[in-house]
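What follows is the content of structure.txt (compact mmCIF, N, CA and C atoms).
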```txt
# COMPACT_ATOMS: atom_id res chain seq x y z
N MET A 246 -176.05 -90.24 71.22
CA MET A 246 -177.17 -89.99 72.11
C MET A 246 -178.36 -89.51 71.28
N LEU A 247 -179.49 -90.16 71.41
CA LEU A 247 -180.68 -89.78 70.69
C LEU A 247 -181.41 -88.67 71.43
N SER A 248 -181.87 -87.71 70.67
CA SER A 248 -182.66 -86.63 71.23
C SER A 248 -184.13 -86.97 71.03
N GLY A 249 -184.89 -87.01 72.09
CA GLY A 249 -186.31 -87.35 71.99
C GLY A 249 -187.18 -86.16 72.29
N GLY A 250 -188.36 -86.17 71.77
CA GLY A 250 -189.31 -85.10 72.03
C GLY A 250 -189.65 -84.32 70.78
N ASP A 251 -190.78 -83.68 70.84
CA ASP A 251 -191.31 -82.95 69.69
C ASP A 251 -190.78 -81.52 69.63
N TYR A 252 -190.89 -80.95 68.44
CA TYR A 252 -190.49 -79.58 68.18
C TYR A 252 -191.72 -78.77 67.82
N ILE A 253 -191.82 -77.58 68.37
CA ILE A 253 -192.98 -76.71 68.14
C ILE A 253 -192.61 -75.55 67.22
N ASN A 254 -193.48 -75.28 66.26
CA ASN A 254 -193.39 -74.09 65.41
C ASN A 254 -194.70 -73.33 65.68
N TYR A 255 -194.60 -72.10 66.23
CA TYR A 255 -195.79 -71.34 66.63
C TYR A 255 -195.88 -70.01 65.88
N SER A 256 -197.07 -69.73 65.36
CA SER A 256 -197.37 -68.44 64.73
C SER A 256 -198.48 -67.77 65.53
N PRO A 257 -198.37 -66.46 65.81
CA PRO A 257 -199.38 -65.76 66.60
C PRO A 257 -200.63 -65.43 65.76
N ALA A 258 -201.60 -64.83 66.43
CA ALA A 258 -202.84 -64.43 65.75
C ALA A 258 -202.53 -63.39 64.68
N ALA A 259 -203.18 -63.52 63.54
CA ALA A 259 -203.03 -62.55 62.45
C ALA A 259 -203.84 -61.31 62.76
N PRO A 260 -203.47 -60.17 62.27
CA PRO A 260 -202.27 -59.92 61.47
C PRO A 260 -201.04 -59.74 62.35
N TYR A 261 -199.89 -60.07 61.80
CA TYR A 261 -198.63 -59.87 62.51
C TYR A 261 -197.51 -59.71 61.50
N LYS A 262 -196.45 -59.09 61.96
CA LYS A 262 -195.27 -58.89 61.10
C LYS A 262 -194.71 -60.25 60.71
N GLY A 263 -194.45 -60.42 59.45
CA GLY A 263 -193.90 -61.69 58.99
C GLY A 263 -194.94 -62.74 58.70
N GLU A 264 -196.20 -62.35 58.72
CA GLU A 264 -197.28 -63.32 58.50
C GLU A 264 -197.06 -64.07 57.18
N GLY A 265 -197.15 -65.38 57.27
CA GLY A 265 -196.97 -66.21 56.09
C GLY A 265 -195.53 -66.55 55.78
N THR A 266 -194.57 -65.88 56.43
CA THR A 266 -193.16 -66.18 56.16
C THR A 266 -192.53 -66.97 57.30
N ASP A 267 -193.27 -67.26 58.36
CA ASP A 267 -192.71 -67.94 59.52
C ASP A 267 -193.15 -69.40 59.61
N PHE A 268 -193.70 -69.94 58.54
CA PHE A 268 -194.12 -71.34 58.55
C PHE A 268 -192.92 -72.22 58.18
N TYR A 269 -192.13 -72.58 59.19
CA TYR A 269 -190.91 -73.34 58.99
C TYR A 269 -191.10 -74.84 59.21
N SER A 270 -192.31 -75.28 59.46
CA SER A 270 -192.53 -76.68 59.82
C SER A 270 -192.04 -77.67 58.76
N LEU A 271 -192.23 -77.35 57.48
CA LEU A 271 -191.77 -78.25 56.43
C LEU A 271 -190.24 -78.33 56.41
N TYR A 272 -189.59 -77.21 56.60
CA TYR A 272 -188.13 -77.16 56.67
C TYR A 272 -187.63 -77.97 57.87
N TYR A 273 -188.23 -77.75 59.04
CA TYR A 273 -187.81 -78.47 60.24
C TYR A 273 -188.02 -79.97 60.09
N GLU A 274 -189.11 -80.35 59.44
CA GLU A 274 -189.39 -81.77 59.26
C GLU A 274 -188.31 -82.42 58.39
N SER A 275 -187.85 -81.71 57.35
CA SER A 275 -186.81 -82.29 56.49
C SER A 275 -185.50 -82.47 57.27
N LEU A 276 -185.16 -81.52 58.13
CA LEU A 276 -183.97 -81.65 58.97
C LEU A 276 -184.12 -82.81 59.96
N MET A 277 -185.31 -82.92 60.56
CA MET A 277 -185.55 -83.99 61.52
C MET A 277 -185.49 -85.36 60.84
N ARG A 278 -185.99 -85.45 59.62
CA ARG A 278 -185.94 -86.71 58.88
C ARG A 278 -184.49 -87.13 58.67
N GLN A 279 -183.62 -86.18 58.34
CA GLN A 279 -182.19 -86.49 58.19
C GLN A 279 -181.59 -86.94 59.52
N ASP A 280 -181.96 -86.24 60.60
CA ASP A 280 -181.44 -86.62 61.92
C ASP A 280 -181.87 -88.03 62.30
N LYS A 281 -183.09 -88.41 61.95
CA LYS A 281 -183.56 -89.77 62.24
C LYS A 281 -182.74 -90.80 61.46
N LEU A 282 -182.43 -90.49 60.19
CA LEU A 282 -181.62 -91.41 59.39
C LEU A 282 -180.22 -91.56 59.95
N LEU A 283 -179.68 -90.49 60.51
CA LEU A 283 -178.34 -90.52 61.09
C LEU A 283 -178.32 -91.06 62.52
N GLY A 284 -179.52 -91.28 63.09
CA GLY A 284 -179.60 -91.80 64.44
C GLY A 284 -179.40 -90.76 65.52
N THR A 285 -179.56 -89.49 65.18
CA THR A 285 -179.38 -88.43 66.18
C THR A 285 -180.71 -87.86 66.67
N ALA A 286 -181.82 -88.41 66.19
CA ALA A 286 -183.16 -88.02 66.68
C ALA A 286 -183.97 -89.29 66.87
N ALA A 287 -184.79 -89.31 67.90
CA ALA A 287 -185.61 -90.47 68.19
C ALA A 287 -186.65 -90.69 67.09
N ALA A 288 -186.97 -91.95 66.84
CA ALA A 288 -187.89 -92.31 65.75
C ALA A 288 -189.27 -91.66 65.90
N GLY A 289 -189.75 -91.50 67.11
CA GLY A 289 -191.10 -90.97 67.32
C GLY A 289 -191.21 -89.45 67.37
N THR A 290 -190.08 -88.76 67.23
CA THR A 290 -190.07 -87.31 67.29
C THR A 290 -190.83 -86.73 66.11
N LYS A 291 -191.61 -85.66 66.35
CA LYS A 291 -192.34 -85.03 65.26
C LYS A 291 -192.37 -83.51 65.42
N ILE A 292 -192.79 -82.86 64.37
CA ILE A 292 -192.98 -81.41 64.36
C ILE A 292 -194.43 -81.13 64.66
N GLN A 293 -194.67 -80.13 65.51
CA GLN A 293 -196.02 -79.66 65.81
C GLN A 293 -196.14 -78.20 65.38
N TYR A 294 -197.15 -77.88 64.58
CA TYR A 294 -197.42 -76.49 64.21
C TYR A 294 -198.64 -76.04 65.00
N TRP A 295 -198.52 -74.89 65.68
CA TRP A 295 -199.60 -74.33 66.50
C TRP A 295 -199.87 -72.89 66.09
N SER A 296 -201.15 -72.50 66.10
CA SER A 296 -201.52 -71.13 65.81
C SER A 296 -202.95 -70.88 66.28
N PRO A 297 -203.23 -69.67 66.79
CA PRO A 297 -204.62 -69.34 67.12
C PRO A 297 -205.45 -69.11 65.86
N ASN A 298 -204.79 -68.94 64.72
CA ASN A 298 -205.50 -68.76 63.45
C ASN A 298 -206.14 -70.08 63.03
N LYS A 299 -207.09 -70.01 62.13
CA LYS A 299 -207.75 -71.22 61.63
C LYS A 299 -207.12 -71.67 60.31
N TYR A 300 -205.96 -71.13 60.00
CA TYR A 300 -205.27 -71.42 58.75
C TYR A 300 -203.78 -71.21 58.93
N ILE A 301 -202.99 -71.78 58.00
CA ILE A 301 -201.56 -71.51 57.95
C ILE A 301 -201.32 -70.26 57.11
N TYR A 302 -201.90 -70.27 55.92
CA TYR A 302 -201.80 -69.14 54.99
C TYR A 302 -203.19 -68.57 54.75
N GLY A 303 -203.28 -67.26 54.60
CA GLY A 303 -204.55 -66.59 54.35
C GLY A 303 -205.10 -66.81 52.95
N PHE A 304 -204.29 -67.38 52.06
CA PHE A 304 -204.74 -67.66 50.70
C PHE A 304 -205.22 -69.11 50.67
N PRO A 305 -206.50 -69.35 50.36
CA PRO A 305 -207.06 -70.70 50.46
C PRO A 305 -206.27 -71.79 49.73
N TYR A 306 -205.83 -71.53 48.50
CA TYR A 306 -205.11 -72.59 47.77
C TYR A 306 -203.78 -72.91 48.43
N ALA A 307 -203.02 -71.87 48.82
CA ALA A 307 -201.74 -72.08 49.49
C ALA A 307 -201.94 -72.82 50.80
N ASN A 308 -202.99 -72.48 51.52
CA ASN A 308 -203.29 -73.15 52.78
C ASN A 308 -203.58 -74.63 52.55
N GLU A 309 -204.38 -74.91 51.53
CA GLU A 309 -204.72 -76.30 51.21
C GLU A 309 -203.48 -77.12 50.87
N VAL A 310 -202.58 -76.55 50.07
CA VAL A 310 -201.35 -77.24 49.70
C VAL A 310 -200.47 -77.49 50.93
N ALA A 311 -200.33 -76.48 51.79
CA ALA A 311 -199.51 -76.62 53.01
C ALA A 311 -200.09 -77.69 53.93
N LEU A 312 -201.40 -77.69 54.13
CA LEU A 312 -202.03 -78.69 54.99
C LEU A 312 -201.86 -80.10 54.43
N GLU A 313 -201.98 -80.24 53.13
CA GLU A 313 -201.79 -81.55 52.50
C GLU A 313 -200.36 -82.04 52.68
N GLU A 314 -199.39 -81.14 52.50
CA GLU A 314 -197.99 -81.52 52.65
C GLU A 314 -197.68 -81.88 54.11
N CYS A 315 -198.25 -81.15 55.04
CA CYS A 315 -198.07 -81.48 56.47
C CYS A 315 -198.61 -82.88 56.76
N HIS A 316 -199.77 -83.18 56.21
CA HIS A 316 -200.37 -84.50 56.42
C HIS A 316 -199.45 -85.60 55.86
N LYS A 317 -198.91 -85.39 54.66
CA LYS A 317 -198.01 -86.37 54.04
C LYS A 317 -196.76 -86.61 54.89
N ARG A 318 -196.25 -85.54 55.50
CA ARG A 318 -194.99 -85.63 56.25
C ARG A 318 -195.17 -85.94 57.73
N GLY A 319 -196.40 -86.08 58.18
CA GLY A 319 -196.64 -86.41 59.59
C GLY A 319 -196.47 -85.24 60.54
N ILE A 320 -196.61 -84.02 60.02
CA ILE A 320 -196.54 -82.82 60.87
C ILE A 320 -197.90 -82.63 61.53
N GLU A 321 -197.89 -82.51 62.83
CA GLU A 321 -199.13 -82.32 63.59
C GLU A 321 -199.53 -80.83 63.49
N VAL A 322 -200.70 -80.55 62.94
CA VAL A 322 -201.18 -79.18 62.77
C VAL A 322 -202.30 -78.92 63.77
N ASN A 323 -202.11 -77.88 64.59
CA ASN A 323 -203.08 -77.53 65.64
C ASN A 323 -203.50 -76.08 65.42
N LEU A 324 -204.62 -75.88 64.75
CA LEU A 324 -205.12 -74.54 64.46
C LEU A 324 -206.19 -74.17 65.48
N GLY A 325 -206.25 -72.89 65.81
CA GLY A 325 -207.23 -72.42 66.79
C GLY A 325 -206.74 -72.53 68.23
N TRP A 326 -205.41 -72.60 68.42
CA TRP A 326 -204.82 -72.72 69.76
C TRP A 326 -203.80 -71.62 69.97
N GLU A 327 -204.00 -70.82 71.01
CA GLU A 327 -203.08 -69.73 71.35
C GLU A 327 -202.11 -70.19 72.44
N MET A 328 -200.82 -69.94 72.22
CA MET A 328 -199.82 -70.26 73.25
C MET A 328 -199.92 -69.20 74.34
N ILE A 329 -200.17 -69.64 75.57
CA ILE A 329 -200.32 -68.67 76.66
C ILE A 329 -199.14 -68.67 77.63
N SER A 330 -198.36 -69.75 77.64
CA SER A 330 -197.16 -69.75 78.49
C SER A 330 -196.25 -70.91 78.11
N VAL A 331 -195.00 -70.77 78.55
CA VAL A 331 -193.99 -71.82 78.39
C VAL A 331 -193.24 -71.89 79.70
N ARG A 332 -192.96 -73.10 80.14
CA ARG A 332 -192.16 -73.24 81.37
C ARG A 332 -191.09 -74.30 81.16
N ASP A 333 -189.99 -74.08 81.84
CA ASP A 333 -188.84 -74.98 81.77
C ASP A 333 -188.35 -75.15 83.19
N ASP A 334 -188.52 -76.35 83.74
CA ASP A 334 -188.09 -76.59 85.12
C ASP A 334 -186.69 -77.16 85.21
N GLY A 335 -185.97 -77.15 84.09
CA GLY A 335 -184.63 -77.71 84.06
C GLY A 335 -184.60 -79.16 83.62
N HIS A 336 -185.73 -79.84 83.71
CA HIS A 336 -185.82 -81.25 83.30
C HIS A 336 -186.72 -81.42 82.08
N SER A 337 -187.72 -80.57 81.97
CA SER A 337 -188.64 -80.66 80.84
C SER A 337 -189.16 -79.27 80.49
N LYS A 338 -189.58 -79.15 79.23
CA LYS A 338 -190.17 -77.91 78.74
C LYS A 338 -191.62 -78.21 78.40
N VAL A 339 -192.50 -77.30 78.80
CA VAL A 339 -193.93 -77.48 78.57
C VAL A 339 -194.54 -76.20 78.04
N ALA A 340 -195.29 -76.32 76.96
CA ALA A 340 -196.04 -75.18 76.41
C ALA A 340 -197.50 -75.36 76.77
N VAL A 341 -198.15 -74.25 77.15
CA VAL A 341 -199.57 -74.29 77.51
C VAL A 341 -200.34 -73.55 76.41
N PHE A 342 -201.37 -74.19 75.89
CA PHE A 342 -202.17 -73.63 74.81
C PHE A 342 -203.63 -73.51 75.25
N LYS A 343 -204.30 -72.46 74.74
CA LYS A 343 -205.71 -72.25 75.02
C LYS A 343 -206.48 -72.26 73.71
N ASN A 344 -207.56 -73.05 73.68
CA ASN A 344 -208.41 -73.10 72.50
C ASN A 344 -209.16 -71.78 72.36
N VAL A 345 -209.07 -71.15 71.19
CA VAL A 345 -209.67 -69.82 71.01
C VAL A 345 -211.19 -69.86 71.00
N ASP A 346 -211.78 -71.02 70.75
CA ASP A 346 -213.24 -71.13 70.74
C ASP A 346 -213.82 -71.56 72.09
N SER A 347 -213.25 -72.61 72.67
CA SER A 347 -213.82 -73.18 73.90
C SER A 347 -213.17 -72.66 75.18
N GLY A 348 -211.94 -72.13 75.09
CA GLY A 348 -211.23 -71.70 76.30
C GLY A 348 -210.50 -72.83 77.00
N GLU A 349 -210.66 -74.06 76.52
CA GLU A 349 -209.97 -75.22 77.08
C GLU A 349 -208.46 -75.01 77.01
N THR A 350 -207.72 -75.44 78.03
CA THR A 350 -206.27 -75.37 77.99
C THR A 350 -205.68 -76.78 77.99
N ILE A 351 -204.55 -76.91 77.29
CA ILE A 351 -203.82 -78.18 77.26
C ILE A 351 -202.33 -77.87 77.38
N GLU A 352 -201.57 -78.86 77.79
CA GLU A 352 -200.13 -78.74 77.92
C GLU A 352 -199.46 -79.74 76.99
N ARG A 353 -198.33 -79.31 76.39
CA ARG A 353 -197.56 -80.19 75.51
C ARG A 353 -196.08 -80.08 75.85
N ASP A 354 -195.44 -81.24 76.05
CA ASP A 354 -194.00 -81.29 76.25
C ASP A 354 -193.31 -81.04 74.91
N PHE A 355 -192.13 -80.47 74.96
CA PHE A 355 -191.34 -80.27 73.75
C PHE A 355 -189.87 -80.18 74.11
N VAL A 356 -189.01 -80.35 73.10
CA VAL A 356 -187.58 -80.20 73.32
C VAL A 356 -187.02 -78.96 72.64
N GLY A 357 -187.71 -78.47 71.63
CA GLY A 357 -187.28 -77.27 70.92
C GLY A 357 -188.47 -76.55 70.33
N ALA A 358 -188.33 -75.23 70.15
CA ALA A 358 -189.46 -74.46 69.63
C ALA A 358 -188.97 -73.25 68.85
N ASN A 359 -189.75 -72.89 67.85
CA ASN A 359 -189.58 -71.65 67.12
C ASN A 359 -190.88 -70.88 67.35
N VAL A 360 -190.82 -69.84 68.17
CA VAL A 360 -192.02 -69.09 68.54
C VAL A 360 -191.94 -67.68 67.98
N ASN A 361 -192.87 -67.35 67.11
CA ASN A 361 -192.96 -66.00 66.57
C ASN A 361 -193.92 -65.24 67.50
N PRO A 362 -193.43 -64.25 68.23
CA PRO A 362 -194.29 -63.55 69.19
C PRO A 362 -195.28 -62.63 68.48
N PRO A 363 -196.36 -62.26 69.17
CA PRO A 363 -197.31 -61.31 68.60
C PRO A 363 -196.63 -59.98 68.30
N SER A 364 -197.09 -59.31 67.26
CA SER A 364 -196.54 -57.99 66.90
C SER A 364 -197.45 -56.90 67.44
N ARG A 365 -196.86 -55.79 67.75
CA ARG A 365 -197.61 -54.61 68.21
C ARG A 365 -197.19 -53.42 67.36
N GLN A 366 -198.14 -52.52 67.13
CA GLN A 366 -197.83 -51.32 66.37
C GLN A 366 -196.99 -50.38 67.23
N HIS A 367 -196.14 -49.60 66.59
CA HIS A 367 -195.37 -48.59 67.31
C HIS A 367 -196.32 -47.48 67.77
N LYS A 368 -196.13 -47.02 69.00
CA LYS A 368 -196.99 -46.00 69.58
C LYS A 368 -197.02 -44.74 68.72
N PHE A 369 -195.87 -44.32 68.19
CA PHE A 369 -195.85 -43.09 67.40
C PHE A 369 -196.72 -43.22 66.14
N LEU A 370 -196.84 -44.43 65.59
CA LEU A 370 -197.72 -44.62 64.43
C LEU A 370 -199.19 -44.58 64.84
N LEU A 371 -199.49 -45.22 65.97
CA LEU A 371 -200.88 -45.19 66.46
C LEU A 371 -201.30 -43.75 66.77
N ASP A 372 -200.40 -42.99 67.41
CA ASP A 372 -200.71 -41.60 67.77
C ASP A 372 -200.81 -40.68 66.56
N SER A 373 -200.16 -41.04 65.46
CA SER A 373 -200.16 -40.18 64.28
C SER A 373 -201.46 -40.23 63.49
N GLY A 374 -202.25 -41.29 63.70
CA GLY A 374 -203.47 -41.43 62.93
C GLY A 374 -203.25 -42.11 61.58
N VAL A 375 -202.01 -42.52 61.28
CA VAL A 375 -201.70 -43.19 60.03
C VAL A 375 -202.29 -44.60 60.00
N CYS A 376 -202.38 -45.23 61.17
CA CYS A 376 -202.92 -46.59 61.25
C CYS A 376 -203.75 -46.72 62.53
N ASP A 377 -204.41 -47.84 62.63
CA ASP A 377 -205.16 -48.13 63.85
C ASP A 377 -204.67 -49.44 64.44
N SER A 378 -205.18 -49.82 65.58
CA SER A 378 -204.70 -51.03 66.23
C SER A 378 -205.11 -52.27 65.47
```

Full structure transcribed into structure tokens:
Amino acid sequence: MLSGGDYINYSPAAPYKGEGTDFYSLYYESLMRQDKLLGTAAAGTKIQYWSPNKYIYGFPYANEVALEECHKRGIEVNLGWEMISVRDDGHSKVAVFKNVDSGETIERDFVGANVNPPSRQHKFLLDSGVCDS
């Protein structure tokens, strides 16, 4: 049985815990490529990377290399889009994204996702004056 549909890898707005370590899109693409060769994933299936940030990595050279590799491997990169909701009606899964500049919203179907949620500071640290929000 072939599994069809795209896979989402989502990173929240920076700064967040794990920033720069949650970009799994290249790894997922290599697994999906193997699945396609074995006939366990549909030929048109792809990886989608989404983030409200305007970059994958905060270091310009690393970002440039990652974007180039994504382009070579057919990974769809969507920067400047915040995930605002996900719904699953039992038949399909849909992620809703909002453009951070225009406010436009779009919906994307998917079959699997790796979503890194936004991080929040611990209240006791905020109250201590050691850090700020």

Item to complete: Write out as a ChimeraX atom specification the residues lying within 9 Å of Gly289 in chain A, counting only C-alpha atoms and excluding same-chain residues fewer than 6 positions away.
Response: /A:249-251

Response to the item:
Ser337 in chain A proximity check over A:Ala307, A:Leu371, A:Leu271, A:Val356, using only C-alpha atoms: winner is A:Val356

Worksheet entry | Atom-to-atom span, atom N of Ala286 in chain A and atom N of Ala358 in chain A, Å |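 According to the coordinates, atom N of Ala286 in chain A and atom N of Ala358 in chain A are separated by 15.2 Å.
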
Practice prompt. Name the residues of range 250-294 of chain A that fall into strand (DSSP E or B) according to DSSP on the backbone, using the chain letters and numbers of this document, as a VMD selection string.
Written response: chain A and resid 252 to 255 286 292 to 294

Worksheet item: For the atom pair atom C of Gly348 in chain A and atom N of Asn361 in chain A, what is the interatomic distance in Å to one decimal place?
Response: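 Spanning atom C of Gly348 in chain A to atom N of Asn361 in chain A is a straight-line distance of 20.9 Å.
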
Discussion item. As a ChimeraX atom specification, please: the residues near Asn254 in chain A (cut-off 7 Å, only C-alpha atoms, same-chain neighbours under 3 positions excluded).
Written reply: /A:269-270,293-295,358-360
